[in-house]
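Novice: CSV, C-alpha atoms and all ligand atoms, file input-v2.csv:
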chain,number,residue,atom,x,y,z
N,1,MET,CA,-14.3,13.2,-16.5
N,2,LYS,CA,-11.6,10.6,-16.1
N,3,PRO,CA,-12.1,7.6,-13.9
N,4,HIS,CA,-8.4,7.3,-13.5
N,5,LEU,CA,-6.7,9.0,-10.6
N,6,GLN,CA,-4.7,11.7,-12.2
N,7,ALA,CA,-1.0,10.9,-12.3
N,8,VAL,CA,1.2,13.6,-10.9
N,9,THR,CA,4.0,13.1,-13.4
N,10,ALA,CA,3.8,12.4,-17.1
N,11,GLU,CA,4.5,8.6,-17.0
N,12,PRO,CA,3.4,6.7,-13.9
N,13,VAL,CA,5.6,3.9,-12.7
N,14,ILE,CA,2.6,1.6,-12.1
N,15,ARG,CA,-0.8,1.8,-13.6
N,16,LEU,CA,-3.8,-0.4,-12.9
N,17,ASP,CA,-6.2,-0.1,-15.8
N,18,ASP,CA,-9.8,-1.4,-15.2
N,19,ILE,CA,-8.6,-4.2,-13.0
N,20,ARG,CA,-11.1,-6.9,-12.0
N,21,ARG,CA,-10.5,-9.9,-9.8
N,22,HIS,CA,-13.1,-12.6,-9.1
N,23,PHE,CA,-12.6,-15.5,-6.7
N,24,GLY,CA,-15.5,-17.7,-7.8
N,25,SER,CA,-18.6,-15.7,-6.9
N,26,VAL,CA,-16.7,-13.2,-4.8
N,27,TYR,CA,-16.0,-10.0,-6.8
N,28,ALA,CA,-12.9,-8.8,-4.9
N,29,LEU,CA,-12.1,-6.0,-7.3
N,30,LYS,CA,-14.5,-4.3,-9.7
N,31,SER,CA,-12.9,-1.9,-12.2
N,32,VAL,CA,-10.0,-0.5,-10.2
N,33,SER,CA,-7.9,2.0,-12.0
N,34,PHE,CA,-5.1,4.2,-10.5
N,35,SER,CA,-1.5,5.1,-11.0
N,36,LEU,CA,1.6,5.3,-8.8
N,37,SER,CA,4.2,8.0,-9.6
N,38,ALA,CA,7.8,8.3,-8.7
N,39,GLY,CA,8.4,10.3,-5.4
N,40,LYS,CA,4.7,10.1,-4.5
N,41,ALA,CA,2.5,7.9,-2.3
N,42,LEU,CA,-1.0,6.8,-2.8
N,43,ALA,CA,-3.0,5.6,0.2
N,44,LEU,CA,-5.5,2.8,-0.4
N,45,VAL,CA,-8.0,3.0,2.3
N,46,GLY,CA,-11.0,0.9,3.3
N,47,GLU,CA,-12.4,-1.7,5.7
N,48,SER,CA,-11.3,-5.3,5.9
N,49,GLY,CA,-12.3,-7.3,2.8
N,50,CYS,CA,-12.7,-4.3,0.5
N,51,GLY,CA,-9.9,-5.5,-1.8
N,52,LYS,CA,-6.8,-3.7,-0.7
N,53,THR,CA,-4.5,-6.7,-0.3
N,54,THR,CA,-5.8,-8.1,-3.6
N,55,CYS,CA,-4.6,-4.8,-5.3
N,56,ALA,CA,-1.2,-5.1,-3.6
N,57,ARG,CA,-0.8,-8.7,-4.6
N,58,ILE,CA,-1.6,-7.9,-8.3
N,59,ILE,CA,0.9,-5.1,-8.3
N,60,ALA,CA,3.5,-7.3,-6.8
N,61,ARG,CA,2.6,-10.0,-9.3
N,62,LEU,CA,1.7,-12.5,-6.6
N,63,ASP,CA,-1.8,-12.7,-8.1
N,64,LYS,CA,-3.2,-12.1,-11.6
N,65,PRO,CA,-6.3,-10.1,-12.4
N,66,THR,CA,-9.3,-11.7,-14.0
N,67,ALA,CA,-9.5,-8.8,-16.4
N,68,GLY,CA,-7.8,-5.4,-16.9
N,69,ARG,CA,-4.2,-4.4,-17.4
N,70,LEU,CA,-1.1,-3.9,-15.1
N,71,LEU,CA,1.4,-1.5,-16.7
N,72,PHE,CA,4.9,-0.8,-15.5
N,73,ARG,CA,6.5,2.3,-16.9
N,74,GLY,CA,4.0,2.2,-19.7
N,75,GLN,CA,4.6,-1.5,-20.6
N,76,ASP,CA,1.8,-4.0,-20.3
N,77,ARG,CA,3.0,-6.5,-17.6
N,78,THR,CA,-0.3,-8.3,-17.0
N,79,ALA,CA,0.9,-11.5,-18.6
N,80,ARG,CA,4.0,-13.3,-17.3
N,81,GLY,CA,7.2,-12.2,-18.9
N,82,SER,CA,10.6,-13.9,-19.5
N,83,GLY,CA,12.6,-15.1,-16.4
N,84,LYS,CA,14.8,-12.0,-16.6
N,85,GLU,CA,11.8,-9.6,-16.9
N,86,GLU,CA,10.2,-11.3,-13.9
N,87,ARG,CA,13.4,-11.0,-11.8
N,88,MET,CA,13.7,-7.4,-12.7
N,89,TYR,CA,10.1,-6.7,-11.9
N,90,ARG,CA,10.5,-8.4,-8.5
N,91,LYS,CA,13.5,-6.3,-7.8
N,92,ASP,CA,11.7,-3.1,-8.8
N,93,VAL,CA,8.5,-3.7,-6.8
N,94,GLN,CA,9.2,-4.5,-3.1
N,95,MET,CA,6.6,-5.2,-0.4
N,96,VAL,CA,6.6,-4.4,3.3
N,97,PHE,CA,4.1,-6.5,5.1
N,98,GLN,CA,1.8,-6.0,8.1
N,99,ASP,CA,3.5,-8.4,10.4
N,100,PRO,CA,7.1,-7.3,11.2
N,101,PHE,CA,7.5,-10.4,13.4
N,102,SER,CA,6.8,-13.2,10.9
N,103,SER,CA,8.5,-11.5,8.0
N,104,LEU,CA,12.0,-12.0,9.5
N,105,ASN,CA,13.6,-15.4,9.9
N,106,PRO,CA,14.3,-15.8,13.7
N,107,ALA,CA,17.3,-18.0,12.9
N,108,PHE,CA,19.3,-15.2,11.2
N,109,THR,CA,20.9,-12.0,12.2
N,110,ILE,CA,19.8,-8.6,10.9
N,111,ASN,CA,23.1,-8.5,9.0
N,112,HIS,CA,22.1,-11.6,7.2
N,113,HIS,CA,18.7,-10.3,6.3
N,114,ILE,CA,20.1,-7.2,4.6
N,115,THR,CA,23.1,-9.0,3.0
N,116,ARG,CA,20.9,-11.5,1.1
N,117,PRO,CA,19.1,-9.0,-1.1
N,118,LEU,CA,22.3,-7.1,-1.7
N,119,GLN,CA,24.0,-10.3,-2.8
N,120,LEU,CA,21.1,-11.4,-5.0
N,121,HIS,CA,20.6,-8.0,-6.8
N,122,GLY,CA,23.8,-6.0,-6.2
N,123,GLY,CA,26.3,-8.3,-7.8
N,124,ASP,CA,29.7,-9.2,-6.4
N,125,LYS,CA,31.3,-6.6,-4.2
N,126,PRO,CA,34.3,-6.7,-1.8
N,127,LYS,CA,33.2,-7.4,1.8
N,128,ALA,CA,34.2,-3.9,3.1
N,129,GLU,CA,32.1,-2.2,0.4
N,130,ARG,CA,29.1,-4.4,1.2
N,131,ASP,CA,29.5,-3.8,4.9
N,132,ASP,CA,29.5,-0.1,4.2
N,133,ASP,CA,26.2,-0.5,2.1
N,134,ILE,CA,24.6,-2.4,5.0
N,135,ALA,CA,25.6,0.3,7.5
N,136,LYS,CA,24.2,3.0,5.3
N,137,LEU,CA,20.9,1.2,4.8
N,138,LEU,CA,20.4,0.7,8.5
N,139,GLU,CA,21.3,4.3,9.2
N,140,SER,CA,18.8,5.4,6.5
N,141,VAL,CA,16.0,3.8,8.4
N,142,GLY,CA,17.0,5.2,11.8
N,143,LEU,CA,18.9,2.1,13.2
N,144,ASP,CA,22.4,2.2,14.6
N,145,PRO,CA,24.4,-0.4,12.6
N,146,SER,CA,26.9,-1.0,15.3
N,147,VAL,CA,24.1,-2.1,17.6
N,148,THR,CA,21.7,-3.7,15.2
N,149,ARG,CA,23.7,-5.8,12.8
N,150,GLN,CA,24.5,-8.7,15.0
N,151,LYS,CA,21.1,-8.9,16.7
N,152,PHE,CA,18.5,-11.5,16.0
N,153,PRO,CA,14.9,-10.4,15.2
N,154,HIS,CA,13.6,-11.4,18.7
N,155,GLU,CA,16.0,-8.9,20.2
N,156,LEU,CA,14.4,-6.0,18.4
N,157,SER,CA,11.1,-4.2,19.1
N,158,GLY,CA,8.2,-4.4,16.6
N,159,GLY,CA,9.0,-0.9,15.3
N,160,GLN,CA,12.7,-1.8,14.9
N,161,ARG,CA,11.8,-4.9,13.0
N,162,GLN,CA,9.6,-3.0,10.6
N,163,ARG,CA,12.5,-0.6,10.1
N,164,VAL,CA,14.7,-3.6,9.2
N,165,ASN,CA,11.9,-4.8,6.7
N,166,ILE,CA,12.0,-1.4,5.1
N,167,ALA,CA,15.8,-1.4,4.9
N,168,ARG,CA,15.7,-4.9,3.3
N,169,ALA,CA,13.2,-3.6,0.7
N,170,LEU,CA,15.4,-0.6,0.0
N,171,ALA,CA,18.5,-2.8,-0.4
N,172,VAL,CA,17.7,-3.7,-4.0
N,173,ALA,CA,17.0,0.0,-5.0
N,174,PRO,CA,13.4,-0.6,-6.0
N,175,SER,CA,11.2,2.0,-7.8
N,176,VAL,CA,8.0,0.8,-6.1
N,177,LEU,CA,7.3,0.1,-2.4
N,178,VAL,CA,4.0,-1.5,-1.5
N,179,ALA,CA,3.4,-1.2,2.2
N,180,ASP,CA,0.4,-3.3,3.3
N,181,GLU,CA,-0.9,-2.1,6.7
N,182,PRO,CA,2.8,-1.6,7.8
N,183,THR,CA,1.8,-0.2,11.2
N,184,SER,CA,-1.3,-2.0,12.2
N,185,MET,CA,0.5,-4.6,14.4
N,186,LEU,CA,2.7,-2.0,16.0
N,187,ASP,CA,2.2,-0.1,19.3
N,188,VAL,CA,0.2,3.1,18.8
N,189,SER,CA,3.0,5.2,20.1
N,190,ILE,CA,5.4,4.3,17.3
N,191,ARG,CA,3.1,4.1,14.3
N,192,LYS,CA,3.6,7.7,13.4
N,193,ASP,CA,7.4,7.3,13.4
N,194,ILE,CA,7.1,4.4,10.9
N,195,LEU,CA,4.8,6.5,8.7
N,196,GLU,CA,7.2,9.4,8.8
N,197,LEU,CA,10.0,7.0,7.9
N,198,LEU,CA,8.0,5.8,4.9
N,199,ALA,CA,7.4,9.4,3.8
N,200,ARG,CA,11.1,10.1,4.1
N,201,VAL,CA,12.3,7.1,2.2
N,202,LYS,CA,9.8,7.9,-0.5
N,203,ARG,CA,11.3,11.3,-0.9
N,204,GLU,CA,14.9,10.3,-0.6
N,205,ASN,CA,14.7,7.3,-3.0
N,206,ASP,CA,12.1,8.8,-5.4
N,207,LEU,CA,9.9,5.8,-4.7
N,208,ALA,CA,6.4,5.3,-5.9
N,209,VAL,CA,4.6,4.1,-2.8
N,210,LEU,CA,1.3,2.3,-2.3
N,211,TYR,CA,0.3,2.7,1.4
N,212,ILE,CA,-2.5,0.3,2.3
N,213,THR,CA,-4.4,1.0,5.5
N,214,HIS,CA,-7.9,0.7,7.1
N,215,ASP,CA,-7.2,3.9,9.0
N,216,ILE,CA,-8.0,6.9,6.9
N,217,ALA,CA,-6.7,9.3,9.6
N,218,THR,CA,-3.1,8.2,8.8
N,219,ALA,CA,-3.3,8.7,5.0
N,220,ALA,CA,-2.1,12.3,5.1
N,221,HIS,CA,1.1,11.3,7.0
N,222,VAL,CA,2.4,9.5,4.0
N,223,ALA,CA,0.3,10.0,0.9
N,224,GLU,CA,-0.4,12.9,-1.5
N,225,GLU,CA,-3.2,10.9,-3.1
N,226,ILE,CA,-5.9,8.7,-1.7
N,227,VAL,CA,-8.2,6.0,-3.0
N,228,VAL,CA,-11.1,5.0,-0.8
N,229,MET,CA,-12.2,1.5,-1.5
N,230,PHE,CA,-15.5,-0.1,-0.6
N,231,ALA,CA,-16.8,-3.5,-1.5
N,232,GLY,CA,-14.2,-3.9,-4.3
N,233,GLN,CA,-14.8,-0.5,-5.9
N,234,MET,CA,-13.1,2.8,-5.8
N,235,VAL,CA,-15.7,5.1,-4.3
N,236,GLU,CA,-13.8,8.3,-3.9
N,237,TRP,CA,-10.3,9.4,-4.9
N,238,GLY,CA,-7.9,12.3,-5.5
N,239,ASN,CA,-5.8,14.7,-3.6
N,240,THR,CA,-5.5,13.4,0.0
N,241,ASN,CA,-6.1,16.8,1.7
N,242,ALA,CA,-9.1,17.5,-0.6
N,243,VAL,CA,-10.7,14.2,0.1
N,244,LEU,CA,-10.1,14.4,3.8
N,245,ALA,CA,-11.3,18.0,4.1
N,246,HIS,CA,-14.3,17.6,1.8
N,247,PRO,CA,-15.4,13.9,1.7
N,248,ARG,CA,-18.3,13.5,-0.7
N,249,HIS,CA,-19.1,9.8,-0.7
N,250,PRO,CA,-21.1,8.5,2.3
N,251,TYR,CA,-18.6,5.8,2.9
N,252,THR,CA,-15.6,8.2,3.1
N,253,GLN,CA,-17.8,10.3,5.4
N,254,LEU,CA,-18.5,7.3,7.5
N,255,LEU,CA,-14.8,6.3,7.7
N,256,LEU,CA,-13.9,9.8,8.8
N,257,SER,CA,-16.7,9.9,11.4
N,258,ALA,CA,-15.2,6.8,13.0
N,259,VAL,CA,-11.9,8.6,13.7
N,260,PRO,CA,-12.1,9.9,17.3
N,261,ASP,CA,-10.6,13.2,18.3
N,262,GLY,CA,-7.5,13.7,20.4
N,263,GLY,CA,-4.7,11.2,20.8
N,264,ARG,CA,-6.6,8.1,19.7
N,265,ARG,CA,-6.0,8.7,16.0
N,266,PHE,CA,-5.6,5.1,15.0
N,267,VAL,CA,-8.9,3.3,14.9
N,268,THR,CA,-10.8,0.6,13.1
N,269,GLY,CA,-14.4,0.8,12.0
N,270,GLY,CA,-15.7,-2.2,13.9
N,271,SER,CA,-18.6,-0.8,16.0
N,272,ALA,CA,-22.2,-1.8,15.5
N,273,ARG,CA,-23.2,1.6,14.3
N,274,PHE,CA,-20.3,1.6,11.8
N,275,LEU,CA,-21.3,-1.8,10.4
N,276,GLU,CA,-25.0,-0.8,10.2
N,277,GLN,CA,-24.1,2.3,8.2
N,278,ALA,CA,-21.7,0.5,6.0
N,279,GLU,CA,-24.4,-2.1,5.1
N,280,LYS,CA,-26.7,0.8,4.1
N,281,ILE,CA,-24.0,2.2,1.8
N,282,ARG,CA,-23.4,-1.2,0.5
N,283,SER,CA,-26.9,-1.4,-0.8
N,284,LEU,CA,-26.4,2.0,-2.5
N,285,SER,CA,-23.2,0.7,-4.1
N,286,ARG,CA,-24.7,-2.3,-5.8
N,287,PRO,CA,-24.7,-2.7,-8.7
N,288,ILE,CA,-21.5,-0.8,-9.4
N,289,SER,CA,-22.1,2.7,-10.9
N,290,THR,CA,-20.1,3.6,-14.0
N,291,VAL,CA,-20.8,7.3,-13.5
N,292,ILE,CA,-17.8,9.2,-12.1
N,293,GLU,CA,-18.4,12.6,-10.8
N,294,ARG,CA,-15.7,15.2,-10.7
N,295,VAL,CA,-16.2,17.0,-7.4
N,296,GLY,CA,-13.1,19.2,-7.3
N,297,ASP,CA,-9.6,19.6,-8.7
N,298,ASN,CA,-8.2,16.0,-8.7
N,299,HIS,CA,-11.1,14.9,-6.6
N,300,PHE,CA,-13.6,12.3,-7.9
N,301,MET,CA,-16.3,10.1,-6.6
N,302,ARG,CA,-18.4,7.2,-8.0
N,303,ALA,CA,-22.0,8.1,-8.2
N,304,LEU,CA,-24.4,6.2,-6.0
N,305,VAL,CA,-27.0,3.8,-7.4
N,306,ALA,CA,-30.5,4.3,-6.0
N,307,SER,CA,-31.6,1.2,-4.1
N,308,ASN,CA,-35.0,-0.4,-5.0
Y,401,LIG,N1,-7.6,-16.4,-2.5
Y,401,LIG,C1,-8.8,-16.0,-2.3
Y,401,LIG,N2,-9.8,-16.9,-2.4
Y,401,LIG,C2,-11.1,-16.5,-2.2
Y,401,LIG,N3,-11.5,-15.2,-1.8
Y,401,LIG,C3,-10.5,-14.4,-1.6
Y,401,LIG,C4,-9.1,-14.7,-1.8
Y,401,LIG,N4,-8.4,-13.6,-1.6
Y,401,LIG,C5,-9.3,-12.6,-1.3
Y,401,LIG,N5,-10.5,-13.1,-1.3
Y,401,LIG,C6,-11.7,-12.3,-1.0
Y,401,LIG,O1,-11.7,-11.1,-1.7
Y,401,LIG,C7,-12.2,-10.0,-0.9
Y,401,LIG,C8,-11.1,-8.9,-0.8
Y,401,LIG,O2,-10.0,-9.4,0.0
Y,401,LIG,P1,-8.7,-8.6,0.4
Y,401,LIG,O3,-7.9,-9.5,1.2
Y,401,LIG,O4,-8.2,-8.0,-0.9
Y,401,LIG,O5,-9.3,-7.4,1.3
Y,401,LIG,P2,-8.6,-6.4,2.2
Y,401,LIG,O6,-9.3,-5.1,2.0
Y,401,LIG,O7,-7.2,-6.4,2.0
Y,401,LIG,O8,-8.9,-7.0,3.6
Y,401,LIG,P3,-8.0,-7.2,4.9
Y,401,LIG,O9,-7.6,-5.9,5.4
Y,401,LIG,O10,-8.8,-8.0,5.9
Y,401,LIG,O11,-6.8,-8.0,4.4
Y,401,LIG,C9,-12.6,-10.6,0.4
Y,401,LIG,O12,-14.0,-10.9,0.3
Y,401,LIG,C10,-11.8,-11.9,0.5
Y,401,LIG,O13,-12.5,-12.8,1.3
Would you mind writing the structure in this file as structure tokens?
Specialist:
Amino acid sequence: MKPHLQAVTAEPVIRLDDIRRHFGSVYALKSVSFSLSAGKALALVGESGCGKTTCARIIARLDKPTAGRLLFRGQDRTARGSGKEERMYRKDVQMVFQDPFSSLNPAFTINHHITRPLQLHGGDKPKAERDDDIAKLLESVGLDPSVTRQKFPHELSGGQRQRVNIARALAVAPSVLVADEPTSMLDVSIRKDILELLARVKRENDLAVLYITHDIATAAHVAEEIVVMFAGQMVEWGNTNAVLAHPRHPYTQLLLSAVPDGGRRFVTGGSARFLEQAEKIRSLSRPISTVIERVGDNHFMRALVASN
């Protein structure tokens, strides 16, 4: 019975090992352990405040865990390394943020946004070669370079800006992409396109992807594996299709019950009933149980603790 999410390949690119993060009396992460593997995506799913962004920030080395280990290709990277190691890590682990509007500088063209990372990490190249690289990158995310390059961010739609953000992340040939709620600020009609793009760039670039979302219904679009987080703990995890088809933890069941049928597939769990149910589950999840139950092939859940 392994508390770790099973890695699909022999050596994961990223591994979180028993990560804890406290902010004063707030226990944002309690014993979080999972792996990201090349060419695979893992969806980290849960309501606001469950600890998703804290996980992302620790992986991107924007934050440090209170305890536990962060491993990159088997090497312990919890502590700060040399300047060169840190630069390499920052190149290797790229982030795409929720807000496609604020993550681009309004004063610069799209060409400038893509050129910068290529200059910083790609070394000196003749202009013609660099122009060719920019064009290929934009094409790879579904943007027409001849139209897009000279535009400013405000001249693009939200979906197009998120495509630029993905192209910018890919410009440095990373091995890990952390996408933190990449579609939640986009129009519902284009969210699926961006998720399909993420799934495609993952395959084409052999990326290890962490896809963070509050919307469990979207996990299967991108991710082979899923971790459901609740109140800073992993409550259920494993193969995405298995977890979605046979959810065992009451919180996963609650998240899935909040997904309406039909076209409205993208929802948040903010209703009074949802919050009331979540509070009940919270009382069953405190204190954290260390008992992990294997409920299927590559499908695990944390046992509930009886409330007094
Ligand atoms: N810098 C900080 N100082 C104090 N508390 C923090 C800090 N960062 C996060 N927290 C707390 O840690 C918990 C987890 O926050 P986190 O942002 O990781 O959750 P989340 O699941 O990403 O939520 P959201 O989707 O709203 O961003 C929350 O209770 C949050 O208030």
Novice: Can you pull out every residue within 10 Å of Leu42 of chain N, counting only C-alpha atoms, but drop anything in the same chain fewer than 3 positions away, and send it as a list in words?
Specialist: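 Neighbouring residues, sequence-local ones excluded: Leu5, Phe34, Ser35, Leu36, Ser37, Val45, Val178, Ala208, Val209, Leu210, Tyr211, Ile212, Ala219, Ala220, Val222, Ala223, Glu224, Glu225, Ile226, Val227, Trp237, Gly238, Asn239 and Thr240 of chain N.
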Novice: Quote the spacing between atom CA of Thr183 of chain N and atom P1 of ligand LIG 401 (chain Y) in Å to one decimal place.
Specialist: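 Atom-to-atom, atom CA of Thr183 of chain N and atom P1 of ligand LIG 401 (chain Y) are spaced 17.2 Å apart.
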Novice: Give me, as a Markdown table, each residue of chain N that comes within 9 Å of ligand LIG 401 (chain Y), together with its shortest interatomic pair and the distance in Å at one decimal, counting all atoms listed in the file, with rows ordered by chain and rising residue number.
Specialist:
| residue | atom | partner | partner_atom | distance |
| --- | --- | --- | --- | --- |
| N:Arg21 | CA | Y:LIG401 | O1 | 8.3 |
| N:His22 | CA | Y:LIG401 | O1 | 7.7 |
| N:Phe23 | CA | Y:LIG401 | C2 | 4.8 |
| N:Gly24 | CA | Y:LIG401 | C2 | 7.2 |
| N:Ser25 | CA | Y:LIG401 | N3 | 8.8 |
| N:Val26 | CA | Y:LIG401 | O12 | 6.2 |
| N:Tyr27 | CA | Y:LIG401 | O1 | 6.8 |
| N:Ala28 | CA | Y:LIG401 | O1 | 4.1 |
| N:Leu29 | CA | Y:LIG401 | C8 | 7.2 |
| N:Val45 | CA | Y:LIG401 | O6 | 8.2 |
| N:Gly46 | CA | Y:LIG401 | O6 | 6.4 |
| N:Glu47 | CA | Y:LIG401 | O6 | 5.9 |
| N:Ser48 | CA | Y:LIG401 | O10 | 3.7 |
| N:Gly49 | CA | Y:LIG401 | O5 | 3.4 |
| N:Cys50 | CA | Y:LIG401 | O6 | 3.8 |
| N:Gly51 | CA | Y:LIG401 | O4 | 3.2 |
| N:Lys52 | CA | Y:LIG401 | O7 | 3.8 |
| N:Thr53 | CA | Y:LIG401 | O7 | 3.6 |
| N:Thr54 | CA | Y:LIG401 | O4 | 3.6 |
| N:Cys55 | CA | Y:LIG401 | O4 | 6.5 |
| N:Ala56 | CA | Y:LIG401 | O4 | 8.0 |
| N:Arg57 | CA | Y:LIG401 | O4 | 8.3 |
| N:Asp63 | CA | Y:LIG401 | N1 | 8.9 |
| N:Asp180 | CA | Y:LIG401 | O7 | 8.3 |
| N:Glu181 | CA | Y:LIG401 | O9 | 7.8 |
| N:Ile212 | CA | Y:LIG401 | O7 | 8.2 |
| N:Thr213 | CA | Y:LIG401 | O9 | 7.6 |
| N:His214 | CA | Y:LIG401 | O9 | 6.8 |
| N:Met229 | CA | Y:LIG401 | O6 | 8.0 |
| N:Phe230 | CA | Y:LIG401 | O6 | 8.4 |
| N:Ala231 | CA | Y:LIG401 | C8 | 7.9 |
| N:Gly232 | CA | Y:LIG401 | C8 | 6.8 |
Novice: So which residues touch Gln160 of chain N within 8 Å, counting only C-alpha atoms, skipping near sequence neighbours fewer than 4 positions away, as a list in words?
Specialist: Leu143, Leu156 and Val164 of chain N
Novice: Quick one: pull the distance between atom CA of Val96 of chain N and atom CA of Gln162 of chain N, Å, one decimal.
Specialist: 8.0 Å
Novice: Pick the closest to Phe101 of chain N from N:Met185, N:Leu120, N:Leu16, N:Ala199: which is it, counting only C-alpha atoms?
Specialist: N:Met185
Novice: When you count only C-alpha atoms, which of these residues is closest to Gly39 of chain N: N:Val201, N:Leu254, N:Leu118, N:Ala303?
Specialist: N:Val201
Novice: Quote the spacing between atom CA of Leu207 of chain N and atom CA of Lys91 of chain N in Å to one decimal place.
Specialist: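 Atom-to-atom, atom CA of Leu207 of chain N and atom CA of Lys91 of chain N are spaced 13.0 Å apart.
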Novice: Which residue out of N:Leu197, N:Leu275, N:Leu304, N:Leu62 has the minimum interatomic distance to Arg248 of chain N when only C-alpha atoms are used?
Specialist: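 Once distances to Arg248 of chain N are computed over only C-alpha atoms, the minimum belongs to N:Leu304.
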Novice: I want to know what sits within 9 Å of segment 134-139 of chain N, based on only C-alpha atoms, with residues of the same chain fewer than 3 positions away left out; could you give that as a ChimeraX atom specification?
Specialist: /N:111,114-115,118,129-131,142-146,148-149,163-164,167-168,170-171
Novice: Counting only C-alpha atoms, note down every residue that has an atom within 6 Å of the point (-19.9, 6.3, -9.6) (file coordinates), as a list in words.
Specialist: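 Those residues lying close to the given coordinates are Ser289, Thr290, Val291, Ile292, Arg302, Ala303 and Leu304 of chain N.
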Novice: Include C-alpha atoms and write out the residues we just selected as a CSV table (one decimal), in the frame of the given file.
Specialist:
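In the end it all went to part.csv:
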chain,number,residue,atom,x,y,z
N,289,SER,CA,-22.1,2.7,-10.9
N,290,THR,CA,-20.1,3.6,-14.0
N,291,VAL,CA,-20.8,7.3,-13.5
N,292,ILE,CA,-17.8,9.2,-12.1
N,302,ARG,CA,-18.4,7.2,-8.0
N,303,ALA,CA,-22.0,8.1,-8.2
N,304,LEU,CA,-24.4,6.2,-6.0
Novice: Excluding Val295 of chain N and its own-chain neighbours fewer than 2 positions away, which residues fall within 10 Å of it when counting all atoms listed in the file? Please give them as a list in words.
Specialist: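 The residues that qualify are Glu236, Trp237, Gly238, Ala242, Val243, His246, Pro247, Arg248, Ile292, Glu293, Asp297, Asn298, His299, Phe300 and Met301 of chain N.
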